[in-house]
Amino acid sequence: MRIFSVIAACFALFIDHAPGQSSSAANKSAVFAGGCFWCIQPAFDKAPGVIKTTVGYCGGAEANPTYELVGSEKTKYRESIQIIYDPAKISYDQLLDIYWKQIDPTQSDGQFTDIGPSYRAAIFYGSDEEKKSAEASKQKLANSGKFKKPIVTEILPTMKFYPAEDYHQKYYEQNPEHFEAFEHGSGRVSFQKKNWGDKP
């Protein structure tokens, strides 16, 4: 019986490390703020290599912030998205490429019709490597000449990320009609088409 238990344990260990099996320990996370967090979630959800996205709040100091508190504009929190991804399938630089196409990087007071501190765009870096990648990506966009105005999106050290309330998660799936009306009404969709075509 003991021999059988040892064999079973070895077999389980082999399965856990079998080729092609993804290890959660290898996954990484990225946090971006891009105005309305509902609107930046779909593009990341569609990206191969992204495992999970969660909308929430980052950049403030108060514990357990709520939507009402953040929306009061009395904190430093920004509506944000946390992305868990497999770096073997999608790189941080590729996530940055997706991010730039979701925002107006020349707007400093919010995003589109969402105005206020909680809607300001930012890349929250979690390491020196991410900071360098973000700065290089921002400079590349500035050098591209795509935008006539300066690129003003901030690059900030990450702080604790708090998930938003359940009714905000995957809002584009929970309330597709309202989401589509809001996305178009804000001017975000027309801005994306003008500057990026149909790219995600």
# chains A, B, ... in the order shown; residues from 1 in each chain; ligands from 1

call {"tool": "closest_atom_pairs", "arguments": {"of": "range 139-185 of chain A", "to": "range 49-71 of chain A", "cutoff": "10 Å", "atoms": "only C-alpha atoms", "output": "JSON lines"}}
result
{"residue": "A:Leu156", "atom": "CA", "partner": "A:Gly59", "partner_atom": "CA", "distance": 8.5}
{"residue": "A:Pro157", "atom": "CA", "partner": "A:Gly59", "partner_atom": "CA", "distance": 8.6}
{"residue": "A:Thr158", "atom": "CA", "partner": "A:Gly59", "partner_atom": "CA", "distance": 6.9}
{"residue": "A:Met159", "atom": "CA", "partner": "A:Gly59", "partner_atom": "CA", "distance": 5.6}
{"residue": "A:Lys160", "atom": "CA", "partner": "A:Cys58", "partner_atom": "CA", "distance": 6.2}
{"residue": "A:Phe161", "atom": "CA", "partner": "A:Cys58", "partner_atom": "CA", "distance": 4.8}
{"residue": "A:Tyr162", "atom": "CA", "partner": "A:Tyr57", "partner_atom": "CA", "distance": 5.2}
{"residue": "A:Pro163", "atom": "CA", "partner": "A:Gly56", "partner_atom": "CA", "distance": 4.1}
{"residue": "A:Ala164", "atom": "CA", "partner": "A:Gly56", "partner_atom": "CA", "distance": 4.1}
{"residue": "A:Glu165", "atom": "CA", "partner": "A:Tyr67", "partner_atom": "CA", "distance": 7.5}
{"residue": "A:Asp166", "atom": "CA", "partner": "A:Val55", "partner_atom": "CA", "distance": 9.4}
{"residue": "A:His168", "atom": "CA", "partner": "A:Val55", "partner_atom": "CA", "distance": 7.2}
{"residue": "A:Gln169", "atom": "CA", "partner": "A:Val55", "partner_atom": "CA", "distance": 6.2}
{"residue": "A:Lys170", "atom": "CA", "partner": "A:Thr54", "partner_atom": "CA", "distance": 8.2}
{"residue": "A:Tyr171", "atom": "CA", "partner": "A:Val55", "partner_atom": "CA", "distance": 9.6}

call {"tool": "write_last_selection", "arguments": {"atoms": "all heavy atoms", "output": "CSV table (one decimal), in the first residue's frame"}}
result
chain,number,residue,atom,x,y,z
A,156,LEU,N,3.4,55.8,-13.0
A,156,LEU,CA,3.5,56.0,-11.5
A,156,LEU,C,3.8,54.6,-10.9
A,156,LEU,O,3.4,53.6,-11.4
A,156,LEU,CB,2.1,56.5,-11.0
A,156,LEU,CG,1.6,57.8,-11.6
A,156,LEU,CD1,0.2,58.0,-11.1
A,156,LEU,CD2,2.5,58.9,-11.2
A,157,PRO,N,4.4,54.6,-9.7
A,157,PRO,CA,4.6,53.4,-9.0
A,157,PRO,C,3.3,52.8,-8.5
A,157,PRO,O,2.4,53.6,-8.1
A,157,PRO,CB,5.5,53.8,-7.8
A,157,PRO,CG,5.3,55.3,-7.6
A,157,PRO,CD,5.0,55.8,-9.0
A,158,THR,N,3.2,51.5,-8.6
A,158,THR,CA,1.9,50.9,-8.3
A,158,THR,C,1.6,51.0,-6.8
A,158,THR,O,2.6,51.0,-6.0
A,158,THR,CB,1.8,49.5,-8.8
A,158,THR,OG1,0.5,49.0,-8.7
A,158,THR,CG2,2.7,48.6,-7.9
A,159,MET,N,0.4,51.0,-6.4
A,159,MET,CA,0.0,50.9,-5.0
A,159,MET,C,-1.0,49.7,-4.9
A,159,MET,O,-1.3,49.1,-5.9
A,159,MET,CB,-0.7,52.2,-4.6
A,159,MET,CG,0.3,53.4,-4.7
A,159,MET,SD,-0.4,55.0,-4.2
A,159,MET,CE,-0.6,54.8,-2.4
A,160,LYS,N,-1.5,49.5,-3.8
A,160,LYS,CA,-2.5,48.4,-3.6
A,160,LYS,C,-3.7,48.5,-4.5
A,160,LYS,O,-4.3,49.6,-4.5
A,160,LYS,CB,-2.9,48.3,-2.1
A,160,LYS,CG,-3.8,47.1,-1.9
A,160,LYS,CD,-4.1,46.9,-0.4
A,160,LYS,CE,-5.1,45.8,-0.1
A,160,LYS,NZ,-4.6,44.5,-0.6
A,161,PHE,N,-4.0,47.5,-5.2
A,161,PHE,CA,-5.2,47.5,-6.1
A,161,PHE,C,-6.3,46.9,-5.3
A,161,PHE,O,-6.2,45.8,-4.7
A,161,PHE,CB,-4.8,46.7,-7.3
A,161,PHE,CG,-6.0,46.5,-8.3
A,161,PHE,CD1,-6.3,47.5,-9.2
A,161,PHE,CD2,-6.9,45.4,-8.2
A,161,PHE,CE1,-7.4,47.4,-10.1
A,161,PHE,CE2,-7.9,45.3,-9.0
A,161,PHE,CZ,-8.2,46.2,-10.0
A,162,TYR,N,-7.5,47.5,-5.4
A,162,TYR,CA,-8.7,47.0,-4.8
A,162,TYR,C,-9.7,46.7,-5.9
A,162,TYR,O,-10.1,47.6,-6.7
A,162,TYR,CB,-9.3,48.1,-3.8
A,162,TYR,CG,-8.5,48.3,-2.6
A,162,TYR,CD1,-7.5,49.3,-2.5
A,162,TYR,CD2,-8.7,47.5,-1.4
A,162,TYR,CE1,-6.8,49.5,-1.3
A,162,TYR,CE2,-8.0,47.7,-0.3
A,162,TYR,CZ,-7.0,48.7,-0.2
A,162,TYR,OH,-6.3,48.9,0.9
A,163,PRO,N,-10.2,45.5,-5.9
A,163,PRO,CA,-11.3,45.2,-6.9
A,163,PRO,C,-12.5,46.1,-6.7
A,163,PRO,O,-12.9,46.3,-5.5
A,163,PRO,CB,-11.6,43.7,-6.7
A,163,PRO,CG,-10.3,43.2,-6.0
A,163,PRO,CD,-9.8,44.3,-5.2
A,164,ALA,N,-13.2,46.5,-7.8
A,164,ALA,CA,-14.4,47.2,-7.6
A,164,ALA,C,-15.6,46.3,-7.3
A,164,ALA,O,-15.4,45.0,-7.3
A,164,ALA,CB,-14.7,47.9,-9.0
A,165,GLU,N,-16.7,46.8,-7.1
A,165,GLU,CA,-17.9,46.0,-6.7
A,165,GLU,C,-18.3,45.1,-7.9
A,165,GLU,O,-18.0,45.4,-9.0
A,165,GLU,CB,-19.1,47.0,-6.4
A,165,GLU,CG,-18.8,47.9,-5.2
A,165,GLU,CD,-18.0,49.1,-5.4
A,165,GLU,OE1,-17.4,49.2,-6.5
A,165,GLU,OE2,-17.9,49.9,-4.5
A,166,ASP,N,-19.0,44.0,-7.5
A,166,ASP,CA,-19.3,43.0,-8.5
A,166,ASP,C,-20.0,43.5,-9.7
A,166,ASP,O,-19.8,43.1,-10.9
A,166,ASP,CB,-20.1,41.9,-7.9
A,166,ASP,CG,-19.3,41.0,-6.9
A,166,ASP,OD1,-18.0,41.1,-7.0
A,166,ASP,OD2,-19.9,40.2,-6.1
A,168,HIS,N,-19.7,46.1,-11.4
A,168,HIS,CA,-18.8,46.7,-12.3
A,168,HIS,C,-18.0,45.7,-13.2
A,168,HIS,O,-17.5,46.1,-14.2
A,168,HIS,CB,-17.8,47.6,-11.6
A,168,HIS,CG,-18.4,48.9,-11.0
A,168,HIS,ND1,-19.1,49.8,-11.8
A,168,HIS,CD2,-18.5,49.3,-9.7
A,168,HIS,CE1,-19.5,50.8,-11.0
A,168,HIS,NE2,-19.2,50.5,-9.8
A,169,GLN,N,-17.8,44.5,-12.7
A,169,GLN,CA,-17.0,43.5,-13.4
A,169,GLN,C,-17.7,43.0,-14.6
A,169,GLN,O,-18.9,42.7,-14.6
A,169,GLN,CB,-16.7,42.3,-12.4
A,169,GLN,CG,-16.1,42.7,-11.1
A,169,GLN,CD,-14.8,43.4,-11.2
A,169,GLN,OE1,-14.0,43.2,-12.2
A,169,GLN,NE2,-14.4,44.2,-10.2
A,170,LYS,N,-16.9,43.1,-15.7
A,170,LYS,CA,-17.5,42.6,-17.0
A,170,LYS,C,-18.8,43.4,-17.3
A,170,LYS,O,-19.8,42.8,-17.8
A,170,LYS,CB,-17.7,41.1,-17.1
A,170,LYS,CG,-16.5,40.3,-16.6
A,170,LYS,CD,-15.4,40.2,-17.6
A,170,LYS,CE,-14.4,39.2,-17.1
A,170,LYS,NZ,-13.2,39.1,-18.0
A,171,TYR,N,-18.8,44.6,-17.1
A,171,TYR,CA,-20.0,45.4,-17.3
A,171,TYR,C,-20.5,45.3,-18.7
A,171,TYR,O,-21.7,45.3,-19.0
A,171,TYR,CB,-19.8,46.9,-16.9
A,171,TYR,CG,-21.1,47.7,-16.8
A,171,TYR,CD1,-21.8,47.7,-15.7
A,171,TYR,CD2,-21.5,48.4,-17.9
A,171,TYR,CE1,-23.0,48.4,-15.6
A,171,TYR,CE2,-22.7,49.1,-17.8
A,171,TYR,CZ,-23.4,49.2,-16.7
A,171,TYR,OH,-24.6,49.9,-16.6

call {"tool": "select_by_dssp", "arguments": {"residues": "range 44-97 of chain A", "states": "helix (DSSP H, G or I)", "output": "list in words"}}
result
Phe44, Asp45, Lys46, Tyr67, Glu68, Leu69, Val70, Gly71, Tyr92, Asp93, Gln94, Leu95, Leu96 and Asp97 of chain A

call {"tool": "select_by_dssp", "arguments": {"residues": "chain A", "states": "strand (DSSP E or B)", "output": "ChimeraX atom specification"}}
result
/A:28-33,50-58,78-85,110-111,114-115,122-125,154-157,162-163

call {"tool": "closest_residue", "arguments": {"among": "A:Gln94, A:Gln192, A:Asn27, A:Asn175", "to": "Ser133 in chain A", "atoms": "only C-alpha atoms"}}
result
A:Gln94

call {"tool": "residues_around", "arguments": {"residues": "Gln111 in chain A", "least_positions_apart": "5", "cutoff": "8 Å", "atoms": "only C-alpha atoms", "output": "number ranges by chain"}}
result
A: 34-36, 103-104, 119-121

call {"tool": "closest_residue", "arguments": {"among": "A:Lys28, A:Lys140, A:Lys89, A:Arg188", "to": "Ile40 in chain A", "atoms": "only C-alpha atoms"}}
result
A:Arg188

call {"tool": "closest_residue", "arguments": {"among": "A:Glu173, A:Asp114, A:Glu154, A:Glu129", "to": "Ser186 in chain A", "atoms": "only C-alpha atoms"}}
result
A:Asp114

call {"tool": "closest_residue", "arguments": {"among": "A:Gln82, A:Thr75, A:Thr153, A:Ser144", "to": "Gly110 in chain A", "atoms": "only C-alpha atoms"}}
result
A:Thr153

call {"tool": "residues_around", "arguments": {"residues": "range 96-101 of chain A", "least_positions_apart": "2", "cutoff": "9 Å", "atoms": "only C-alpha atoms", "output": "list in words"}}
result
Phe32, Gly34, Ile40, Ala43, Phe44, Ala47, Ser91, Tyr92, Asp93, Gln94, Ile103, Asp104, Pro105, Ile123, Ser133, Ala134, Ser137, Lys138, Leu141, Gln192, Asn195, Trp196, Lys199 and Pro200 of chain A

call {"tool": "write_last_selection", "arguments": {"atoms": "N, CA, C and O atoms", "output": "short mmCIF file (atom, residue, chain, number, x, y, z; two decimals), in the first residue's frame"}}
result
data_model
loop_
_atom_site.label_atom_id
_atom_site.label_comp_id
_atom_site.auth_asym_id
_atom_site.auth_seq_id
_atom_site.Cartn_x
_atom_site.Cartn_y
_atom_site.Cartn_z
N PHE A 32 -3.33 49.27 -15.09
CA PHE A 32 -3.45 50.49 -15.88
C PHE A 32 -4.70 51.25 -15.48
O PHE A 32 -5.72 50.65 -15.12
N GLY A 34 -7.34 54.04 -17.19
CA GLY A 34 -7.64 54.56 -18.52
C GLY A 34 -9.01 55.19 -18.62
O GLY A 34 -9.73 54.99 -19.59
N ILE A 40 -12.24 49.90 -20.85
CA ILE A 40 -10.93 49.37 -21.23
C ILE A 40 -10.81 47.86 -20.99
O ILE A 40 -9.81 47.25 -21.38
N ALA A 43 -11.01 44.93 -24.48
CA ALA A 43 -9.84 44.72 -25.33
C ALA A 43 -8.83 43.78 -24.69
O ALA A 43 -8.22 42.95 -25.36
N PHE A 44 -8.65 43.91 -23.38
CA PHE A 44 -7.70 43.03 -22.69
C PHE A 44 -8.28 41.63 -22.54
O PHE A 44 -7.54 40.64 -22.61
N ALA A 47 -7.49 39.57 -25.59
CA ALA A 47 -6.09 39.35 -25.95
C ALA A 47 -5.60 37.96 -25.55
O ALA A 47 -5.70 37.59 -24.38
N SER A 91 3.44 39.67 -23.93
CA SER A 91 4.45 40.42 -23.18
C SER A 91 3.85 41.69 -22.58
O SER A 91 2.78 42.15 -22.97
N TYR A 92 4.58 42.27 -21.65
CA TYR A 92 4.16 43.54 -21.05
C TYR A 92 4.11 44.63 -22.11
O TYR A 92 3.20 45.47 -22.11
N ASP A 93 5.07 44.61 -23.04
CA ASP A 93 5.07 45.59 -24.12
C ASP A 93 3.83 45.46 -24.99
O ASP A 93 3.28 46.47 -25.46
N GLN A 94 3.37 44.24 -25.21
CA GLN A 94 2.16 44.04 -26.00
C GLN A 94 0.93 44.56 -25.25
O GLN A 94 0.00 45.09 -25.86
N ILE A 103 -7.14 54.66 -24.90
CA ILE A 103 -7.22 55.96 -24.23
C ILE A 103 -6.87 57.11 -25.17
O ILE A 103 -6.39 56.89 -26.29
N ASP A 104 -7.10 58.33 -24.69
CA ASP A 104 -6.57 59.53 -25.35
C ASP A 104 -5.35 59.93 -24.54
O ASP A 104 -5.48 60.53 -23.45
N PRO A 105 -4.16 59.61 -25.01
CA PRO A 105 -2.95 59.87 -24.22
C PRO A 105 -2.57 61.35 -24.13
O PRO A 105 -1.63 61.70 -23.43
N ILE A 123 -0.15 54.56 -16.11
CA ILE A 123 0.44 53.23 -16.11
C ILE A 123 1.09 53.04 -14.75
O ILE A 123 1.97 53.81 -14.36
N SER A 133 10.03 49.94 -19.50
CA SER A 133 9.21 49.55 -20.66
C SER A 133 8.12 50.59 -20.91
O SER A 133 7.86 50.97 -22.06
N ALA A 134 7.49 51.06 -19.84
CA ALA A 134 6.42 52.05 -19.97
C ALA A 134 6.97 53.37 -20.52
O ALA A 134 6.36 53.99 -21.41
N SER A 137 7.82 52.91 -24.17
CA SER A 137 6.61 52.82 -24.97
C SER A 137 5.97 54.19 -25.15
O SER A 137 5.51 54.54 -26.25
N LYS A 138 5.96 54.98 -24.10
CA LYS A 138 5.41 56.33 -24.16
C LYS A 138 6.22 57.20 -25.12
O LYS A 138 5.66 57.95 -25.93
N LEU A 141 5.52 56.29 -28.72
CA LEU A 141 4.27 56.87 -29.19
C LEU A 141 4.44 58.35 -29.50
O LEU A 141 3.93 58.85 -30.51
N GLN A 192 -11.07 56.23 -31.21
CA GLN A 192 -10.30 55.03 -31.54
C GLN A 192 -10.29 54.77 -33.04
O GLN A 192 -9.25 54.45 -33.62
N ASN A 195 -8.06 57.32 -34.90
CA ASN A 195 -6.61 57.22 -34.69
C ASN A 195 -6.02 55.83 -34.90
O ASN A 195 -4.84 55.70 -35.19
N TRP A 196 -6.85 54.81 -34.73
CA TRP A 196 -6.33 53.45 -34.78
C TRP A 196 -7.07 52.53 -35.75
O TRP A 196 -6.72 51.38 -35.89
N LYS A 199 -8.41 48.52 -35.00
CA LYS A 199 -7.51 47.73 -34.15
C LYS A 199 -7.98 47.79 -32.71
O LYS A 199 -8.50 48.80 -32.25
N PRO A 200 -7.81 46.66 -31.95
CA PRO A 200 -8.25 46.63 -30.55
C PRO A 200 -7.45 47.55 -29.66
O PRO A 200 -6.35 47.92 -30.00
#
